[in-house]
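The file input.pdb contains PDB, C-alpha atoms, pLDDT in the B column:
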```pdb
ATOM      1  CA  MET A   1       0.000   0.000   0.000  1.00 84.00           C
ATOM      2  CA  LEU A   2       2.789   2.436   0.889  1.00 88.00           C
ATOM      3  CA  GLU A   3       4.364   2.070  -2.538  1.00 89.00           C
ATOM      4  CA  GLU A   4       1.067   3.033  -4.212  1.00 92.00           C
ATOM      5  CA  ILE A   5       0.609   6.026  -1.891  1.00 90.00           C
ATOM      6  CA  ILE A   6       4.119   7.249  -2.681  1.00 89.00           C
ATOM      7  CA  ALA A   7       3.578   6.802  -6.423  1.00 88.00           C
ATOM      8  CA  ALA A   8       0.343   8.804  -6.229  1.00 89.00           C
ATOM      9  CA  ALA A   9       2.020  11.586  -4.243  1.00 85.00           C
ATOM     10  CA  ARG A  10       4.867  11.813  -6.742  1.00 86.00           C
ATOM     11  CA  SER A  11       2.480  11.981  -9.692  1.00 84.00           C
ATOM     12  CA  LYS A  12       0.622  14.884  -8.055  1.00 86.00           C
ATOM     13  CA  GLU A  13       3.837  16.513  -6.735  1.00 87.00           C
ATOM     14  CA  ALA A  14       2.265  16.292  -3.281  1.00 90.00           C
ATOM     15  CA  SER A  15       3.551  15.117   0.086  1.00 94.00           C
ATOM     16  CA  VAL A  16       2.701  11.917   1.943  1.00 94.00           C
ATOM     17  CA  GLN A  17       0.689  12.922   5.006  1.00 94.00           C
ATOM     18  CA  ASP A  18      -0.940  11.480   8.117  1.00 94.00           C
ATOM     19  CA  ILE A  19      -0.664   7.777   7.381  1.00 94.00           C
ATOM     20  CA  SER A  20       0.620   4.748   9.246  1.00 95.00           C
ATOM     21  CA  ALA A  21       2.700   2.155   7.368  1.00 94.00           C
ATOM     22  CA  GLU A  22       3.186  -1.168   9.136  1.00 96.00           C
ATOM     23  CA  LYS A  23       5.305  -4.191   8.169  1.00 96.00           C
ATOM     24  CA  GLU A  24       5.906  -2.911   4.638  1.00 94.00           C
ATOM     25  CA  GLU A  25       8.877  -4.478   2.795  1.00 95.00           C
ATOM     26  CA  LEU A  26      10.123  -2.369  -0.096  1.00 94.00           C
ATOM     27  CA  THR A  27      13.185  -2.592  -2.336  1.00 94.00           C
ATOM     28  CA  GLY A  28      14.521   0.036  -4.738  1.00 94.00           C
ATOM     29  CA  LEU A  29      11.832   2.557  -3.826  1.00 91.00           C
ATOM     30  CA  GLU A  30      12.309   6.020  -5.377  1.00 93.00           C
ATOM     31  CA  CYS A  31      11.416   8.762  -2.876  1.00 93.00           C
ATOM     32  CA  ALA A  32      13.952  11.475  -3.799  1.00 94.00           C
ATOM     33  CA  GLY A  33      12.662  14.954  -2.961  1.00 95.00           C
ATOM     34  CA  LEU A  34       9.430  13.640  -1.439  1.00 95.00           C
ATOM     35  CA  ASP A  35       8.075  15.062   1.837  1.00 96.00           C
ATOM     36  CA  PHE A  36       6.623  12.880   4.602  1.00 97.00           C
ATOM     37  CA  GLU A  37       4.485  14.707   7.156  1.00 97.00           C
ATOM     38  CA  ASN A  38       3.257  13.047  10.364  1.00 97.00           C
ATOM     39  CA  VAL A  39       3.855   9.595   8.903  1.00 97.00           C
ATOM     40  CA  LYS A  40       4.340   6.582  11.192  1.00 97.00           C
ATOM     41  CA  PHE A  41       6.613   3.779   9.979  1.00 97.00           C
ATOM     42  CA  ILE A  42       6.213   0.629  12.099  1.00 98.00           C
ATOM     43  CA  LYS A  43       8.377  -2.469  11.605  1.00 97.00           C
ATOM     44  CA  CYS A  44       8.994  -1.654   7.940  1.00 97.00           C
ATOM     45  CA  ARG A  45      11.986  -2.863   5.927  1.00 97.00           C
ATOM     46  CA  PHE A  46      13.550  -0.738   3.169  1.00 96.00           C
ATOM     47  CA  THR A  47      16.387  -2.015   0.976  1.00 96.00           C
ATOM     48  CA  ASP A  48      18.344   0.093  -1.548  1.00 95.00           C
ATOM     49  CA  CYS A  49      15.730   2.862  -1.373  1.00 96.00           C
ATOM     50  CA  ASP A  50      16.461   6.458  -2.379  1.00 97.00           C
ATOM     51  CA  PHE A  51      15.320   9.235  -0.011  1.00 97.00           C
ATOM     52  CA  THR A  52      17.797  11.809  -1.362  1.00 97.00           C
ATOM     53  CA  GLY A  53      16.576  15.317  -0.565  1.00 97.00           C
ATOM     54  CA  ALA A  54      13.430  13.977   1.119  1.00 97.00           C
ATOM     55  CA  GLY A  55      11.832  15.816   4.027  1.00 97.00           C
ATOM     56  CA  PHE A  56      10.527  14.161   7.178  1.00 98.00           C
ATOM     57  CA  TYR A  57       8.362  16.353   9.432  1.00 98.00           C
ATOM     58  CA  GLY A  58       6.928  14.951  12.657  1.00 97.00           C
ATOM     59  CA  ALA A  59       7.515  11.433  11.357  1.00 97.00           C
ATOM     60  CA  SER A  60       8.279   8.409  13.526  1.00 98.00           C
ATOM     61  CA  PHE A  61      10.137   5.173  12.874  1.00 98.00           C
ATOM     62  CA  ASN A  62       9.669   2.203  15.194  1.00 98.00           C
ATOM     63  CA  GLY A  63      11.418  -1.119  14.703  1.00 98.00           C
ATOM     64  CA  CYS A  64      12.289  -0.324  11.075  1.00 98.00           C
ATOM     65  CA  VAL A  65      15.260  -1.554   9.055  1.00 98.00           C
ATOM     66  CA  PHE A  66      16.936   0.531   6.337  1.00 96.00           C
ATOM     67  CA  SER A  67      19.579  -1.369   4.413  1.00 93.00           C
ATOM     68  CA  ARG A  68      21.896   0.538   2.051  1.00 92.00           C
ATOM     69  CA  CYS A  69      19.414   3.405   1.741  1.00 96.00           C
ATOM     70  CA  ARG A  70      20.252   6.956   0.645  1.00 97.00           C
ATOM     71  CA  PHE A  71      19.251   9.980   2.719  1.00 98.00           C
ATOM     72  CA  GLU A  72      21.717  12.459   1.243  1.00 98.00           C
ATOM     73  CA  ASN A  73      20.654  16.091   1.813  1.00 98.00           C
ATOM     74  CA  ALA A  74      17.476  14.871   3.505  1.00 98.00           C
ATOM     75  CA  TYR A  75      15.771  16.992   6.174  1.00 98.00           C
ATOM     76  CA  PHE A  76      14.534  15.616   9.501  1.00 98.00           C
ATOM     77  CA  LYS A  77      12.415  17.879  11.732  1.00 98.00           C
ATOM     78  CA  GLU A  78      10.941  16.613  15.020  1.00 98.00           C
ATOM     79  CA  VAL A  79      11.461  13.010  13.974  1.00 98.00           C
ATOM     80  CA  CYS A  80      11.959  10.042  16.315  1.00 98.00           C
ATOM     81  CA  ALA A  81      13.540   6.680  15.539  1.00 98.00           C
ATOM     82  CA  ASP A  82      13.202   3.916  18.143  1.00 98.00           C
ATOM     83  CA  PHE A  83      14.698   0.413  17.853  1.00 98.00           C
ATOM     84  CA  CYS A  84      15.663   0.954  14.197  1.00 98.00           C
ATOM     85  CA  ARG A  85      18.610  -0.038  12.022  1.00 97.00           C
ATOM     86  CA  PHE A  86      20.117   2.336   9.465  1.00 97.00           C
ATOM     87  CA  ASP A  87      23.387   0.407   9.031  1.00 95.00           C
ATOM     88  CA  GLY A  88      25.412   1.412   5.982  1.00 93.00           C
ATOM     89  CA  SER A  89      22.986   4.146   4.942  1.00 95.00           C
ATOM     90  CA  LEU A  90      24.122   7.445   3.424  1.00 97.00           C
ATOM     91  CA  PHE A  91      23.206  10.658   5.261  1.00 98.00           C
ATOM     92  CA  ARG A  92      25.702  12.997   3.557  1.00 97.00           C
ATOM     93  CA  GLY A  93      24.629  16.614   3.968  1.00 98.00           C
ATOM     94  CA  ALA A  94      21.488  15.615   5.881  1.00 98.00           C
ATOM     95  CA  ASP A  95      19.977  18.107   8.314  1.00 98.00           C
ATOM     96  CA  PHE A  96      18.697  16.774  11.657  1.00 98.00           C
ATOM     97  CA  ARG A  97      16.685  19.179  13.824  1.00 98.00           C
ATOM     98  CA  ASP A  98      15.053  18.059  17.070  1.00 98.00           C
ATOM     99  CA  PHE A  99      15.711  14.468  15.999  1.00 98.00           C
ATOM    100  CA  ALA A 100      15.533  11.761  18.696  1.00 98.00           C
ATOM    101  CA  ALA A 101      16.863   8.216  18.346  1.00 98.00           C
ATOM    102  CA  LYS A 102      16.670   5.456  20.946  1.00 98.00           C
ATOM    103  CA  GLU A 103      18.371   2.054  20.836  1.00 98.00           C
ATOM    104  CA  SER A 104      18.968   2.397  17.107  1.00 98.00           C
ATOM    105  CA  SER A 105      21.931   1.419  14.969  1.00 98.00           C
ATOM    106  CA  PHE A 106      23.769   3.653  12.506  1.00 97.00           C
ATOM    107  CA  CYS A 107      26.869   1.474  12.042  1.00 97.00           C
ATOM    108  CA  TYR A 108      28.942   2.394   8.967  1.00 96.00           C
ATOM    109  CA  GLY A 109      26.570   5.289   8.301  1.00 96.00           C
ATOM    110  CA  ASP A 110      27.989   8.224   6.329  1.00 97.00           C
ATOM    111  CA  PHE A 111      27.008  11.603   7.831  1.00 98.00           C
ATOM    112  CA  TYR A 112      29.669  13.678   6.018  1.00 98.00           C
ATOM    113  CA  GLU A 113      28.886  17.423   6.264  1.00 98.00           C
ATOM    114  CA  GLY A 114      25.656  16.703   8.129  1.00 98.00           C
ATOM    115  CA  ASN A 115      24.018  19.066  10.596  1.00 98.00           C
ATOM    116  CA  PHE A 116      22.725  18.094  14.061  1.00 98.00           C
ATOM    117  CA  ASN A 117      20.773  20.696  16.012  1.00 98.00           C
ATOM    118  CA  GLY A 118      18.796  19.947  19.172  1.00 97.00           C
ATOM    119  CA  CYS A 119      19.112  16.175  18.725  1.00 98.00           C
ATOM    120  CA  ARG A 120      19.320  13.308  21.191  1.00 98.00           C
ATOM    121  CA  PHE A 121      20.745   9.803  20.705  1.00 98.00           C
ATOM    122  CA  ASP A 122      20.170   7.287  23.526  1.00 98.00           C
ATOM    123  CA  LEU A 123      21.870   3.874  23.534  1.00 98.00           C
ATOM    124  CA  CYS A 124      22.658   4.111  19.829  1.00 98.00           C
ATOM    125  CA  ASP A 125      25.283   2.114  17.946  1.00 98.00           C
ATOM    126  CA  MET A 126      27.474   4.390  15.803  1.00 97.00           C
ATOM    127  CA  LYS A 127      30.372   1.978  15.234  1.00 97.00           C
ATOM    128  CA  GLU A 128      32.629   2.998  12.323  1.00 97.00           C
ATOM    129  CA  ALA A 129      30.240   5.762  11.290  1.00 97.00           C
ATOM    130  CA  SER A 130      31.668   8.699   9.340  1.00 97.00           C
ATOM    131  CA  ILE A 131      30.707  11.858  11.223  1.00 97.00           C
ATOM    132  CA  SER A 132      33.335  14.007   9.532  1.00 97.00           C
ATOM    133  CA  LYS A 133      32.995  17.734   8.868  1.00 97.00           C
ATOM    134  CA  CYS A 134      29.627  17.822  10.628  1.00 98.00           C
ATOM    135  CA  ARG A 135      28.092  20.675  12.610  1.00 97.00           C
ATOM    136  CA  ILE A 136      26.793  19.589  16.020  1.00 97.00           C
ATOM    137  CA  LYS A 137      24.861  21.972  18.255  1.00 96.00           C
ATOM    138  CA  SER A 138      22.730  21.435  21.387  1.00 96.00           C
ATOM    139  CA  THR A 139      22.891  17.673  20.841  1.00 97.00           C
ATOM    140  CA  VAL A 140      23.126  14.886  23.437  1.00 97.00           C
ATOM    141  CA  PHE A 141      24.655  11.426  23.046  1.00 97.00           C
ATOM    142  CA  LYS A 142      23.938   9.045  25.952  1.00 97.00           C
ATOM    143  CA  ASN A 143      25.599   5.614  26.145  1.00 97.00           C
ATOM    144  CA  ALA A 144      26.388   5.657  22.426  1.00 97.00           C
ATOM    145  CA  ASP A 145      29.037   3.401  20.884  1.00 97.00           C
ATOM    146  CA  PHE A 146      31.422   5.389  18.673  1.00 97.00           C
ATOM    147  CA  THR A 147      34.025   2.629  18.290  1.00 96.00           C
ATOM    148  CA  ARG A 148      36.304   3.554  15.341  1.00 95.00           C
ATOM    149  CA  ALA A 149      33.979   6.393  14.307  1.00 96.00           C
ATOM    150  CA  ASP A 150      35.482   9.153  12.151  1.00 97.00           C
ATOM    151  CA  PHE A 151      35.142  12.703  13.533  1.00 96.00           C
ATOM    152  CA  PHE A 152      37.666  14.321  11.184  1.00 96.00           C
ATOM    153  CA  GLY A 153      36.898  18.023  10.868  1.00 96.00           C
ATOM    154  CA  THR A 154      33.957  17.933  13.314  1.00 97.00           C
ATOM    155  CA  MET A 155      34.339  20.275  16.289  1.00 96.00           C
ATOM    156  CA  LEU A 156      33.235  18.429  19.433  1.00 94.00           C
ATOM    157  CA  SER A 157      33.446  21.349  21.858  1.00 93.00           C
ATOM    158  CA  GLY A 158      30.662  21.247  24.456  1.00 92.00           C
ATOM    159  CA  LEU A 159      29.716  17.635  23.785  1.00 94.00           C
ATOM    160  CA  ASP A 160      29.655  15.228  26.730  1.00 95.00           C
ATOM    161  CA  LEU A 161      30.706  11.741  25.635  1.00 94.00           C
ATOM    162  CA  SER A 162      31.732  10.618  29.119  1.00 94.00           C
ATOM    163  CA  ASP A 163      29.314   7.678  29.164  1.00 94.00           C
ATOM    164  CA  CYS A 164      29.923   6.731  25.519  1.00 96.00           C
ATOM    165  CA  ILE A 165      32.426   4.321  23.972  1.00 95.00           C
ATOM    166  CA  THR A 166      35.068   6.290  22.065  1.00 94.00           C
ATOM    167  CA  ASP A 167      37.673   3.588  21.380  1.00 91.00           C
ATOM    168  CA  GLY A 168      39.679   4.135  18.207  1.00 89.00           C
ATOM    169  CA  ILE A 169      37.943   7.303  17.010  1.00 92.00           C
ATOM    170  CA  THR A 170      39.618   9.224  14.178  1.00 90.00           C
ATOM    171  CA  VAL A 171      40.391  12.938  14.250  1.00 92.00           C
ATOM    172  CA  SER A 172      42.876  15.196  12.433  1.00 91.00           C
ATOM    173  CA  ASP A 173      46.622  15.234  13.097  1.00 86.00           C
ATOM    174  CA  ARG A 174      46.257  18.440  15.109  1.00 87.00           C
ATOM    175  CA  PHE A 175      43.458  17.017  17.286  1.00 87.00           C
ATOM    176  CA  THR A 176      41.562  20.318  17.129  1.00 91.00           C
ATOM    177  CA  GLU A 177      38.273  18.405  17.096  1.00 92.00           C
ATOM    178  CA  LEU A 178      38.824  17.349  20.724  1.00 89.00           C
ATOM    179  CA  LYS A 179      39.044  20.848  22.195  1.00 89.00           C
ATOM    180  CA  GLY A 180      36.292  21.369  24.772  1.00 91.00           C
ATOM    181  CA  LEU A 181      35.086  17.750  24.600  1.00 90.00           C
ATOM    182  CA  LYS A 182      33.942  16.259  27.934  1.00 91.00           C
ATOM    183  CA  LEU A 183      35.286  12.778  28.687  1.00 91.00           C
ATOM    184  CA  ASN A 184      35.661  10.518  31.723  1.00 90.00           C
ATOM    185  CA  ALA A 185      39.069   9.774  33.276  1.00 85.00           C
ATOM    186  CA  ALA A 186      39.633   6.513  31.382  1.00 85.00           C
ATOM    187  CA  GLN A 187      38.738   8.130  28.061  1.00 84.00           C
ATOM    188  CA  ALA A 188      41.016  11.070  28.826  1.00 80.00           C
ATOM    189  CA  ALA A 189      43.892   8.659  29.432  1.00 77.00           C
ATOM    190  CA  ASP A 190      43.245   7.006  26.058  1.00 75.00           C
ATOM    191  CA  MET A 191      43.134  10.398  24.349  1.00 76.00           C
ATOM    192  CA  ALA A 192      46.386  11.348  26.032  1.00 68.00           C
ATOM    193  CA  LEU A 193      48.037   8.348  24.367  1.00 64.00           C
ATOM    194  CA  LEU A 194      46.554   9.488  21.069  1.00 65.00           C
ATOM    195  CA  LEU A 195      48.192  12.877  21.654  1.00 62.00           C
ATOM    196  CA  GLY A 196      51.509  11.211  22.440  1.00 59.00           C
ATOM    197  CA  ILE A 197      51.366  12.008  26.143  1.00 51.00           C
ATOM    198  CA  LYS A 198      52.853   9.392  28.462  1.00 51.00           C
ATOM    199  CA  ILE A 199      51.094   8.938  31.806  1.00 50.00           C
ATOM    200  CA  VAL A 200      53.331   7.699  34.618  1.00 47.00           C
TER
END
```
If you took the structure in this file and wrote it as structure tokens, what would it be?
Amino acid sequence: MLEEIIAAARSKEASVQDISAEKEELTGLECAGLDFENVKFIKCRFTDCDFTGAGFYGASFNGCVFSRCRFENAYFKEVCADFCRFDGSLFRGADFRDFAAKESSFCYGDFYEGNFNGCRFDLCDMKEASISKCRIKSTVFKNADFTRADFFGTMLSGLDLSDCITDGITVSDRFTELKGLKLNAAQAADMALLLGIKIV
């Protein structure tokens, strides 16, 4: 049903509004530039779908799986994602505003030059995600796993990652990204080794 609704919206150059999509399984869906307003996605599975430049306003995702999907330059406003998987998806240049994610996975996700403003990520898996050259403001990460994540060119000043896993993160040779970042004592010791400081 969702595929037909999207096709109809595209043909009329309209947005998809006020619907609930449950247990839909779609592959290769073309949604580039399409707006979704107050749409609920429940336990849906999307594979190789294109949401480039799409807009999500007041939408919610619960228990959904997005495999190799494209969200480049997409816009997320007051969106929540609970218990979802976005592993390997592309979010280059995406804009997240008042976005909330809980117990969701973004492993290997590419957020290059993305924007995060007023967001919150609780218990999210960000292993080996590329979060390089992003702008992060008024955003909270709680118990997130950033193992081997790439923060090259992303200023982390003001962020509190003290209860997150930051093992093996990548930053620039000058480590300017780390200025003003809040860490716990163990993390600070690991960062000191990264900076070439020997603790005795």
### Task
Excluding segment 78-85 of chain A and residues on its chain fewer than 3 positions from it, collect all residues at most 6 Å away from it, counting all atoms listed in the file, and give them as a PyMOL selection string.
chain A and resi 58-66+98-105
### Task
Could you tell me how far atom CA of Ala32 of chain A lies from atom CA of Phe91 of chain A, in Å and to one decimal?
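Here the two named atoms are 13.0 Å from each other.
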Find the residues around Phe111 of chain A up to 7 Å (all atoms listed in the file counted), leave out those fewer than 4 positions away in its own chain, and share them as a short mmCIF file (atom, residue, chain, number, x, y, z; two decimals) with C-alpha atoms, in the coordinates of the input.
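What follows is the written file part10.cif:
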```cif
data_model
loop_
_atom_site.label_atom_id
_atom_site.label_comp_id
_atom_site.auth_asym_id
_atom_site.auth_seq_id
_atom_site.Cartn_x
_atom_site.Cartn_y
_atom_site.Cartn_z
CA LEU A 90 24.12 7.44 3.42
CA PHE A 91 23.21 10.66 5.26
CA ARG A 92 25.70 13.00 3.56
CA GLY A 93 24.63 16.61 3.97
CA SER A 130 31.67 8.70 9.34
CA ILE A 131 30.71 11.86 11.22
CA SER A 132 33.34 14.01 9.53
#
```
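Note that the spacing between atom CA of Phe51 of chain A and atom CA of Phe152 of chain A amounts to 25.5 Å.
Comparing the minimum interatomic distances between Ala144 of chain A and each of A:Gln17, A:Asn184, A:Ser162, A:Ser157, counting all atoms listed in the file, we find that A:Ser162 sits nearest.
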### Task
Name the closest residue to Asn38 of chain A among the candidates A:Phe76, A:Met1, A:Phe116, A:Ala8; distances are taken between atoms, counting only C-alpha atoms.
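Nearest to Asn38 of chain A: A:Phe76.
With distances taken over all atoms listed in the file, A:Cys49 is the one residue among A:Cys49, A:Phe41, A:Ser11, A:Tyr75 lying closest to Thr27 of chain A.
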Listed atoms of segment 92-97 of chain A boxed along x, y and z, 5 Å each side, centre and edge lengths in Å, one decimal, as JSON:
```
{"center_x": 21.2, "center_y": 16.1, "center_z": 8.7, "size_x": 19.0, "size_y": 16.2, "size_z": 20.3}
```
### Message
With all atoms listed in the file as the counted atoms, please give the residues lying no more than 9 Å from Phe146 of chain A, apart from itself and same-chain residues fewer than 2 positions off, as a ChimeraX atom specification.
### Response
/A:107,124-129,144,148-150,164-169
### Task
Using all atoms listed in the file, pick whichever of A:Asp163, A:Glu24, A:Glu113, A:Glu4 has the shortest atom-to-atom distance to Phe96 of chain A.
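Going through A:Asp163, A:Glu24, A:Glu113, A:Glu4 one by one, the smallest distance to Phe96 of chain A is for A:Glu113.
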#### Entry: Hits of the PyMOL selection byres ((chain A and resi 139) around 9) in this structure, as a PyMOL selection string
chain A and resi 98+116-121+136-138+140-141+159
### Message
What does the structure give for the distance between atom CA of Phe151 of chain A and atom CA of Asp173 of chain A, in Å to one decimal?
### Response
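If I compute the distance from atom CA of Phe151 of chain A to atom CA of Asp173 of chain A, I get 11.8 Å.
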### Task
Decode the PyMOL selection byres ((chain A and resi 55) around 10) for the given file into explicit residues and return them as JSON, numbers by chain.
{"A": [15, 31, 32, 33, 34, 35, 36, 37, 51, 52, 53, 54, 56, 57, 58, 59, 71, 73, 74, 75, 76, 77, 94, 95]}
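Residues captured in this structure file are Asp48, Cys49, Asp50, Phe66, Ser67, Arg68, Arg70 and Ser89 of chain A, according to the PyMOL selection byres ((chain A and resi 69) around 6).
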### Task
Mind checking which residues fall within 8 Å of Ile6 of chain A, counting all atoms listed in the file, ignoring those fewer than 3 positions away in the same chain, and posting them as a list in words?
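The residues satisfying every condition are Leu2, Glu3, Ala9, Arg10, Val16 and Cys31 of chain A.
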#### Entry: Contacts of Gly153 of chain A at 12 Å (all atoms listed in the file; same-chain gap of 5+ positions) as a VMD selection string
chain A and resid 112 to 114 130 to 136 170 to 179
